[in-house]
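Structure below is start.pdb: PDB, C-alpha atoms.
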```
ATOM      1  CA  MET A   1     -69.923  69.712  -6.197
ATOM      2  CA  GLY A   2     -69.994  71.096  -2.686
ATOM      3  CA  ARG A   3     -67.869  70.062   0.173
ATOM      4  CA  VAL A   4     -68.519  69.900   3.900
ATOM      5  CA  VAL A   5     -65.718  69.757   6.420
ATOM      6  CA  VAL A   6     -66.230  68.042   9.769
ATOM      7  CA  ASP A   7     -63.647  68.462  12.507
ATOM      8  CA  VAL A   8     -63.576  66.046  15.427
ATOM      9  CA  MET A   9     -61.311  66.443  18.460
ATOM     10  CA  PRO A  10     -60.762  64.335  21.566
ATOM     11  CA  LYS A  11     -62.650  65.761  24.536
ATOM     12  CA  PRO A  12     -60.428  67.935  26.752
ATOM     13  CA  GLU A  13     -60.602  65.463  29.653
ATOM     14  CA  ILE A  14     -59.569  62.518  27.464
ATOM     15  CA  LEU A  15     -55.885  61.574  27.292
ATOM     16  CA  ASP A  16     -54.532  62.091  23.777
ATOM     17  CA  PRO A  17     -51.363  60.018  23.373
ATOM     18  CA  GLN A  18     -50.859  61.019  19.718
ATOM     19  CA  GLY A  19     -50.986  64.689  20.636
ATOM     20  CA  LYS A  20     -48.624  64.089  23.553
ATOM     21  CA  ALA A  21     -46.161  62.349  21.229
ATOM     22  CA  VAL A  22     -46.234  65.300  18.825
ATOM     23  CA  ALA A  23     -45.860  67.768  21.708
ATOM     24  CA  GLY A  24     -42.788  65.849  22.852
ATOM     25  CA  ALA A  25     -41.299  65.694  19.366
ATOM     26  CA  LEU A  26     -41.643  69.393  18.508
ATOM     27  CA  PRO A  27     -39.011  70.804  20.917
ATOM     28  CA  ARG A  28     -36.595  67.980  20.053
ATOM     29  CA  LEU A  29     -36.881  69.087  16.421
ATOM     30  CA  GLY A  30     -36.329  72.745  17.194
ATOM     31  CA  PHE A  31     -39.907  73.957  17.476
ATOM     32  CA  ASP A  32     -40.204  75.681  20.827
ATOM     33  CA  GLY A  33     -43.107  77.605  22.238
ATOM     34  CA  PHE A  34     -45.833  75.019  21.732
ATOM     35  CA  VAL A  35     -47.017  73.991  25.168
ATOM     36  CA  SER A  36     -49.495  71.293  24.211
ATOM     37  CA  VAL A  37     -50.852  69.526  21.163
ATOM     38  CA  ARG A  38     -54.143  67.727  20.611
ATOM     39  CA  GLN A  39     -54.679  65.550  17.556
ATOM     40  CA  GLY A  40     -58.083  64.992  16.057
ATOM     41  CA  LYS A  41     -59.650  64.186  12.727
ATOM     42  CA  ARG A  42     -60.782  66.216   9.760
ATOM     43  CA  PHE A  43     -63.282  64.805   7.278
ATOM     44  CA  GLU A  44     -64.121  66.273   3.894
ATOM     45  CA  LEU A  45     -67.506  65.086   2.641
ATOM     46  CA  GLU A  46     -68.220  65.720  -1.015
ATOM     47  CA  VAL A  47     -71.859  66.238  -1.927
ATOM     48  CA  GLU A  48     -73.700  66.382  -5.214
ATOM     49  CA  GLY A  49     -74.863  69.903  -5.819
ATOM     50  CA  ASP A  50     -74.636  72.757  -3.377
ATOM     51  CA  VAL A  51     -74.261  72.633   0.361
ATOM     52  CA  THR A  52     -77.738  73.553   1.540
ATOM     53  CA  PRO A  53     -78.805  73.933   5.181
ATOM     54  CA  GLU A  54     -80.361  70.441   4.847
ATOM     55  CA  VAL A  55     -77.035  68.998   3.725
ATOM     56  CA  LEU A  56     -75.279  70.698   6.637
ATOM     57  CA  ALA A  57     -77.872  69.310   9.049
ATOM     58  CA  ALA A  58     -77.363  65.801   7.645
ATOM     59  CA  ALA A  59     -73.600  66.246   7.926
ATOM     60  CA  GLN A  60     -74.041  67.360  11.532
ATOM     61  CA  ARG A  61     -76.046  64.211  12.319
ATOM     62  CA  ALA A  62     -73.483  62.045  10.496
ATOM     63  CA  ALA A  63     -70.689  63.801  12.397
ATOM     64  CA  GLU A  64     -72.311  63.003  15.738
ATOM     65  CA  THR A  65     -73.228  59.403  14.967
ATOM     66  CA  VAL A  66     -70.724  58.047  12.435
ATOM     67  CA  LEU A  67     -67.691  60.311  12.303
ATOM     68  CA  SER A  68     -67.155  60.728  16.018
ATOM     69  CA  ASN A  69     -67.461  58.709  19.187
ATOM     70  CA  PRO A  70     -69.480  60.978  21.479
ATOM     71  CA  VAL A  71     -68.052  59.303  24.586
ATOM     72  CA  ILE A  72     -64.530  60.515  23.895
ATOM     73  CA  GLU A  73     -64.782  63.056  21.052
ATOM     74  CA  ASP A  74     -66.413  66.391  20.283
ATOM     75  CA  VAL A  75     -67.549  67.575  16.873
ATOM     76  CA  VAL A  76     -65.962  71.023  16.812
ATOM     77  CA  ARG A  77     -66.908  72.166  13.325
ATOM     78  CA  VAL A  78     -69.345  71.333  10.550
ATOM     79  CA  ALA A  79     -69.024  73.818   7.725
ATOM     80  CA  ALA A  80     -69.228  74.235   3.978
ATOM     81  CA  ILE A  81     -65.899  74.921   2.335
ATOM     82  CA  GLU A  82     -64.942  76.280  -1.029
ATOM     83  CA  ALA A  83     -63.252  73.800  -3.354
ATOM     84  CA  ASP A  84     -60.444  76.348  -3.687
ATOM     85  CA  ALA A  85     -59.818  76.248   0.040
ATOM     86  CA  ILE A  86     -58.645  72.658  -0.187
ATOM     87  CA  ALA A  87     -56.107  72.956  -2.951
ATOM     88  CA  GLY A  88     -53.311  74.909  -1.339
ATOM     89  CA  THR A  89     -51.768  75.852   1.926
ATOM     90  CA  ILE A  90     -53.580  78.617   3.702
ATOM     91  CA  VAL A  91     -51.964  80.747   6.350
ATOM     92  CA  ASP A  92     -54.667  82.831   7.844
ATOM     93  CA  GLY A  93     -55.147  84.302  11.269
ATOM     94  CA  THR A  94     -58.787  85.224  11.057
ATOM     95  CA  HIS A  95     -60.995  82.258  10.294
ATOM     96  CA  ALA A  96     -61.972  79.677  12.835
TER
ATOM     97  CA  MET B   1     -52.946  81.229  25.574
ATOM     98  CA  GLY B   2     -53.298  81.200  21.833
ATOM     99  CA  ARG B   3     -54.112  78.256  19.677
ATOM    100  CA  VAL B   4     -53.092  77.333  16.159
ATOM    101  CA  VAL B   5     -54.990  74.782  14.124
ATOM    102  CA  VAL B   6     -53.213  72.738  11.465
ATOM    103  CA  ASP B   7     -55.231  70.655   9.020
ATOM    104  CA  VAL B   8     -53.566  67.889   7.053
ATOM    105  CA  MET B   9     -55.294  65.892   4.308
ATOM    106  CA  PRO B  10     -54.168  62.994   2.134
ATOM    107  CA  LYS B  11     -53.167  64.224  -1.320
ATOM    108  CA  PRO B  12     -55.995  63.827  -3.864
ATOM    109  CA  GLU B  13     -54.095  61.185  -5.830
ATOM    110  CA  ILE B  14     -53.432  59.067  -2.720
ATOM    111  CA  LEU B  15     -55.865  56.263  -1.879
ATOM    112  CA  ASP B  16     -57.608  56.963   1.408
ATOM    113  CA  PRO B  17     -58.981  53.692   2.799
ATOM    114  CA  GLN B  18     -60.354  55.303   5.975
ATOM    115  CA  GLY B  19     -62.307  57.820   3.936
ATOM    116  CA  LYS B  20     -63.556  55.059   1.627
ATOM    117  CA  ALA B  21     -64.751  53.063   4.641
ATOM    118  CA  VAL B  22     -66.677  56.066   5.949
ATOM    119  CA  ALA B  23     -68.126  56.772   2.491
ATOM    120  CA  GLY B  24     -69.345  53.171   2.347
ATOM    121  CA  ALA B  25     -70.826  53.286   5.844
ATOM    122  CA  LEU B  26     -72.802  56.532   5.439
ATOM    123  CA  PRO B  27     -75.479  55.277   2.996
ATOM    124  CA  ARG B  28     -75.865  52.035   4.975
ATOM    125  CA  LEU B  29     -76.675  54.166   8.008
ATOM    126  CA  GLY B  30     -79.174  56.331   6.172
ATOM    127  CA  PHE B  31     -76.978  59.236   5.132
ATOM    128  CA  ASP B  32     -77.402  59.627   1.402
ATOM    129  CA  GLY B  33     -76.032  62.305  -0.856
ATOM    130  CA  PHE B  34     -72.392  62.149   0.173
ATOM    131  CA  VAL B  35     -70.460  60.977  -2.865
ATOM    132  CA  SER B  36     -66.995  60.734  -1.376
ATOM    133  CA  VAL B  37     -65.197  61.179   1.921
ATOM    134  CA  ARG B  38     -61.566  61.956   2.666
ATOM    135  CA  GLN B  39     -60.192  61.605   6.163
ATOM    136  CA  GLY B  40     -57.285  63.677   7.396
ATOM    137  CA  LYS B  41     -55.923  65.063  10.619
ATOM    138  CA  ARG B  42     -56.493  68.182  12.649
ATOM    139  CA  PHE B  43     -53.946  69.375  15.166
ATOM    140  CA  GLU B  44     -54.491  72.050  17.785
ATOM    141  CA  LEU B  45     -51.219  73.553  18.985
ATOM    142  CA  GLU B  46     -51.399  75.609  22.148
ATOM    143  CA  VAL B  47     -48.879  78.415  22.451
ATOM    144  CA  GLU B  48     -47.860  80.660  25.303
ATOM    145  CA  GLY B  49     -49.044  84.159  24.645
ATOM    146  CA  ASP B  50     -50.629  85.374  21.460
ATOM    147  CA  VAL B  51     -50.467  83.855  18.003
ATOM    148  CA  THR B  52     -48.092  86.225  16.237
ATOM    149  CA  PRO B  53     -47.069  85.964  12.562
ATOM    150  CA  GLU B  54     -43.800  84.379  13.823
ATOM    151  CA  VAL B  55     -45.739  81.709  15.706
ATOM    152  CA  LEU B  56     -47.848  81.027  12.604
ATOM    153  CA  ALA B  57     -44.686  80.736  10.493
ATOM    154  CA  ALA B  58     -43.180  78.267  12.987
ATOM    155  CA  ALA B  59     -46.433  76.302  12.989
ATOM    156  CA  GLN B  60     -46.357  76.238   9.176
ATOM    157  CA  ARG B  61     -42.811  74.817   9.230
ATOM    158  CA  ALA B  62     -43.783  72.290  11.913
ATOM    159  CA  ALA B  63     -46.845  71.353   9.866
ATOM    160  CA  GLU B  64     -44.734  70.648   6.801
ATOM    161  CA  THR B  65     -41.962  68.745   8.573
ATOM    162  CA  VAL B  66     -43.449  67.076  11.663
ATOM    163  CA  LEU B  67     -47.227  67.026  11.390
ATOM    164  CA  SER B  68     -47.511  65.841   7.810
ATOM    165  CA  ASN B  69     -45.740  63.495   5.441
ATOM    166  CA  PRO B  70     -45.213  65.659   2.325
ATOM    167  CA  VAL B  71     -45.042  62.575   0.093
ATOM    168  CA  ILE B  72     -48.654  61.632   0.745
ATOM    169  CA  GLU B  73     -50.242  64.575   2.572
ATOM    170  CA  ASP B  74     -50.971  68.260   2.070
ATOM    171  CA  VAL B  75     -51.117  70.891   4.784
ATOM    172  CA  VAL B  76     -54.425  72.548   3.913
ATOM    173  CA  ARG B  77     -54.697  75.074   6.730
ATOM    174  CA  VAL B  78     -52.558  76.751   9.361
ATOM    175  CA  ALA B  79     -54.569  79.328  11.259
ATOM    176  CA  ALA B  80     -55.050  80.945  14.627
ATOM    177  CA  ILE B  81     -58.307  80.029  16.305
ATOM    178  CA  GLU B  82     -60.251  81.550  19.139
ATOM    179  CA  ALA B  83     -60.406  79.442  22.285
ATOM    180  CA  ASP B  84     -64.197  79.797  22.060
ATOM    181  CA  ALA B  85     -64.216  78.190  18.642
ATOM    182  CA  ILE B  86     -63.082  74.911  20.130
ATOM    183  CA  ALA B  87     -65.583  74.503  22.909
ATOM    184  CA  GLY B  88     -68.784  73.804  21.038
ATOM    185  CA  THR B  89     -70.255  72.600  17.838
ATOM    186  CA  ILE B  90     -70.226  75.142  15.074
ATOM    187  CA  VAL B  91     -72.482  74.961  12.075
ATOM    188  CA  ASP B  92     -71.403  77.606   9.697
ATOM    189  CA  GLY B  93     -71.489  77.883   5.961
ATOM    190  CA  THR B  94     -69.111  80.765   5.449
ATOM    191  CA  HIS B  95     -65.694  80.080   6.902
ATOM    192  CA  ALA B  96     -63.096  77.905   5.252
TER
END
```
What's the structure tokens form of this structure?
Amino acid sequence: MGRVVVDVMPKPEILDPQGKAVAGALPRLGFDGFVSVRQGKRFELEVEGDVTPEVLAAAQRAAETVLSNPVIEDVVRVAAIEADAIAGTIVDGTHA
Amino acid sequence: MGRVVVDVMPKPEILDPQGKAVAGALPRLGFDGFVSVRQGKRFELEVEGDVTPEVLAAAQRAAETVLSNPVIEDVVRVAAIEADAIAGTIVDGTHA
């Protein structure tokens, strides 16, 4: 079983009230130093078999037509992920 | 300006009606081969200056206390991202 992750974010010029609410809550709860927050969506698509380039291309098309609204959102990532990468918390400064 | 991405997903044992709705819609719209879909959240936190280990640690704490509900959600990723990584669509089979 392979897995594809699709990340969708509101376009920069679109107001993001959820992100604004989080950005306002963080300093009240003692988290300083975050100047802005944007909230988007992350989808994990499970596929039968391996994640081939064809599967990634289909996921890209699905991301642009079903998983996001291209008027207000950008698809920022379509990528295969390891099953292991989902299980736990990952703190990592290198991967995009 | 650095940026930290936080990914939050519903725990595997939690019903995810949004993901189920997407999984049902995909084959109707011609996207076969995806056996299940989970929908979570992606946050992009902008910080002043660079993303230091201290900033990542604060983001991890914020992720666990503000950005996710630990009863029903897992924080699956807390990571620094390049500003460039946000601008466009990325199709990539290697990064988690």
query: List as an NGL selection string: which residues have an atom within 9 Å of (-58.8, 64.6, 23.4), counting only C-alpha atoms?
result: :A and (9-17 or 19 or 38-40 or 72-74)
message: Let me make sure I understand: among B:Ala63, B:Val5, B:Val37, B:Ala57, which one has the smallest atom-to-atom distance to chain A if we use all atoms listed in the file?
response: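 Looking only at the distances to chain A, the closest residue turns out to be B:Val37.
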Residues selected by the PyMOL selection byres ((chain B and resi 7) around 7), written as number ranges by chain: B: 5-6, 8-9, 41-43, 75-78
task: Would you mind telling me which residue in B:Ala25, B:Val71, B:Val47, B:Met1 lies nearest to chain A when using only C-alpha atoms?
output: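 Among the listed residues, the smallest separation from chain A belongs to B:Val47.
The coordinates place atom CA of B:Arg3 at 13.3 Å from atom CA of B:Glu54.
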- prompt: Rounded to one decimal in Å, what is the spacing between atom CA of A:Ala23 and atom CA of A:Asn69?
  reply: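 About the pair atom CA of A:Ala23 and atom CA of A:Asn69: they are 23.6 Å apart.
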Can you fill out stretch 41-67 of chain A with N, CA, C and O atoms and hand it back as a short mmCIF file (atom, residue, chain, number, x, y, z; two decimals), in the coordinates of the input?
```cif
data_model
loop_
_atom_site.label_atom_id
_atom_site.label_comp_id
_atom_site.auth_asym_id
_atom_site.auth_seq_id
_atom_site.Cartn_x
_atom_site.Cartn_y
_atom_site.Cartn_z
N LYS A 41 -59.41 64.61 14.10
CA LYS A 41 -59.65 64.19 12.73
C LYS A 41 -60.37 65.28 11.95
O LYS A 41 -61.15 66.04 12.49
N ARG A 42 -60.08 65.31 10.67
CA ARG A 42 -60.78 66.22 9.76
C ARG A 42 -61.34 65.37 8.63
O ARG A 42 -60.61 64.60 7.99
N PHE A 43 -62.63 65.51 8.39
CA PHE A 43 -63.28 64.81 7.28
C PHE A 43 -63.73 65.82 6.24
O PHE A 43 -64.24 66.88 6.59
N GLU A 44 -63.55 65.48 4.97
CA GLU A 44 -64.12 66.27 3.89
C GLU A 44 -65.14 65.41 3.17
O GLU A 44 -64.80 64.37 2.61
N LEU A 45 -66.40 65.82 3.25
CA LEU A 45 -67.51 65.09 2.64
C LEU A 45 -67.90 65.80 1.36
O LEU A 45 -68.27 66.98 1.40
N GLU A 46 -67.83 65.10 0.25
CA GLU A 46 -68.22 65.72 -1.01
C GLU A 46 -69.68 65.41 -1.27
O GLU A 46 -70.11 64.26 -1.10
N VAL A 47 -70.44 66.43 -1.65
CA VAL A 47 -71.86 66.24 -1.93
C VAL A 47 -72.17 66.62 -3.37
O VAL A 47 -71.47 67.43 -3.97
N GLU A 48 -73.22 65.98 -3.90
CA GLU A 48 -73.70 66.38 -5.21
C GLU A 48 -74.46 67.68 -5.05
O GLU A 48 -75.29 67.83 -4.17
N GLY A 49 -74.17 68.63 -5.90
CA GLY A 49 -74.86 69.90 -5.82
C GLY A 49 -74.31 70.79 -4.72
O GLY A 49 -73.20 70.59 -4.22
N ASP A 50 -75.10 71.78 -4.35
CA ASP A 50 -74.64 72.76 -3.38
C ASP A 50 -74.82 72.28 -1.95
O ASP A 50 -75.60 71.35 -1.68
N VAL A 51 -74.12 72.93 -1.06
CA VAL A 51 -74.26 72.63 0.36
C VAL A 51 -75.40 73.49 0.91
O VAL A 51 -75.24 74.66 1.20
N THR A 52 -76.56 72.87 1.02
CA THR A 52 -77.74 73.55 1.54
C THR A 52 -77.78 73.39 3.06
O THR A 52 -77.05 72.57 3.62
N PRO A 53 -78.64 74.16 3.73
CA PRO A 53 -78.81 73.93 5.18
C PRO A 53 -79.20 72.49 5.51
O PRO A 53 -78.78 71.95 6.53
N GLU A 54 -79.98 71.84 4.61
CA GLU A 54 -80.36 70.44 4.85
C GLU A 54 -79.14 69.53 4.80
O GLU A 54 -79.00 68.61 5.60
N VAL A 55 -78.27 69.79 3.83
CA VAL A 55 -77.04 69.00 3.72
C VAL A 55 -76.17 69.19 4.97
O VAL A 55 -75.64 68.22 5.53
N LEU A 56 -76.06 70.43 5.43
CA LEU A 56 -75.28 70.70 6.64
C LEU A 56 -75.88 70.00 7.85
O LEU A 56 -75.15 69.46 8.69
N ALA A 57 -77.22 69.98 7.92
CA ALA A 57 -77.87 69.31 9.05
C ALA A 57 -77.61 67.81 9.00
O ALA A 57 -77.35 67.17 10.03
N ALA A 58 -77.66 67.23 7.78
CA ALA A 58 -77.36 65.80 7.64
C ALA A 58 -75.91 65.51 8.01
O ALA A 58 -75.60 64.51 8.67
N ALA A 59 -75.02 66.42 7.60
CA ALA A 59 -73.60 66.25 7.93
C ALA A 59 -73.39 66.33 9.43
O ALA A 59 -72.59 65.59 10.01
N GLN A 60 -74.14 67.23 10.07
CA GLN A 60 -74.04 67.36 11.53
C GLN A 60 -74.47 66.06 12.21
O GLN A 60 -73.79 65.56 13.12
N ARG A 61 -75.59 65.48 11.72
CA ARG A 61 -76.05 64.21 12.32
C ARG A 61 -75.03 63.10 12.06
O ARG A 61 -74.72 62.30 12.95
N ALA A 62 -74.49 63.05 10.82
CA ALA A 62 -73.48 62.04 10.50
C ALA A 62 -72.24 62.24 11.36
O ALA A 62 -71.64 61.27 11.84
N ALA A 63 -71.87 63.51 11.59
CA ALA A 63 -70.69 63.80 12.40
C ALA A 63 -70.86 63.25 13.81
O ALA A 63 -69.92 62.70 14.39
N GLU A 64 -72.08 63.39 14.34
CA GLU A 64 -72.31 63.00 15.74
C GLU A 64 -72.52 61.51 15.90
O GLU A 64 -72.35 60.98 17.01
N THR A 65 -72.90 60.82 14.82
CA THR A 65 -73.23 59.40 14.97
C THR A 65 -72.23 58.48 14.29
O THR A 65 -72.04 57.35 14.73
N VAL A 66 -71.62 58.92 13.19
CA VAL A 66 -70.72 58.05 12.44
C VAL A 66 -69.27 58.51 12.53
O VAL A 66 -68.36 57.70 12.71
N LEU A 67 -69.06 59.79 12.43
CA LEU A 67 -67.69 60.31 12.30
C LEU A 67 -67.01 60.54 13.64
O LEU A 67 -65.79 60.75 13.68
#
```
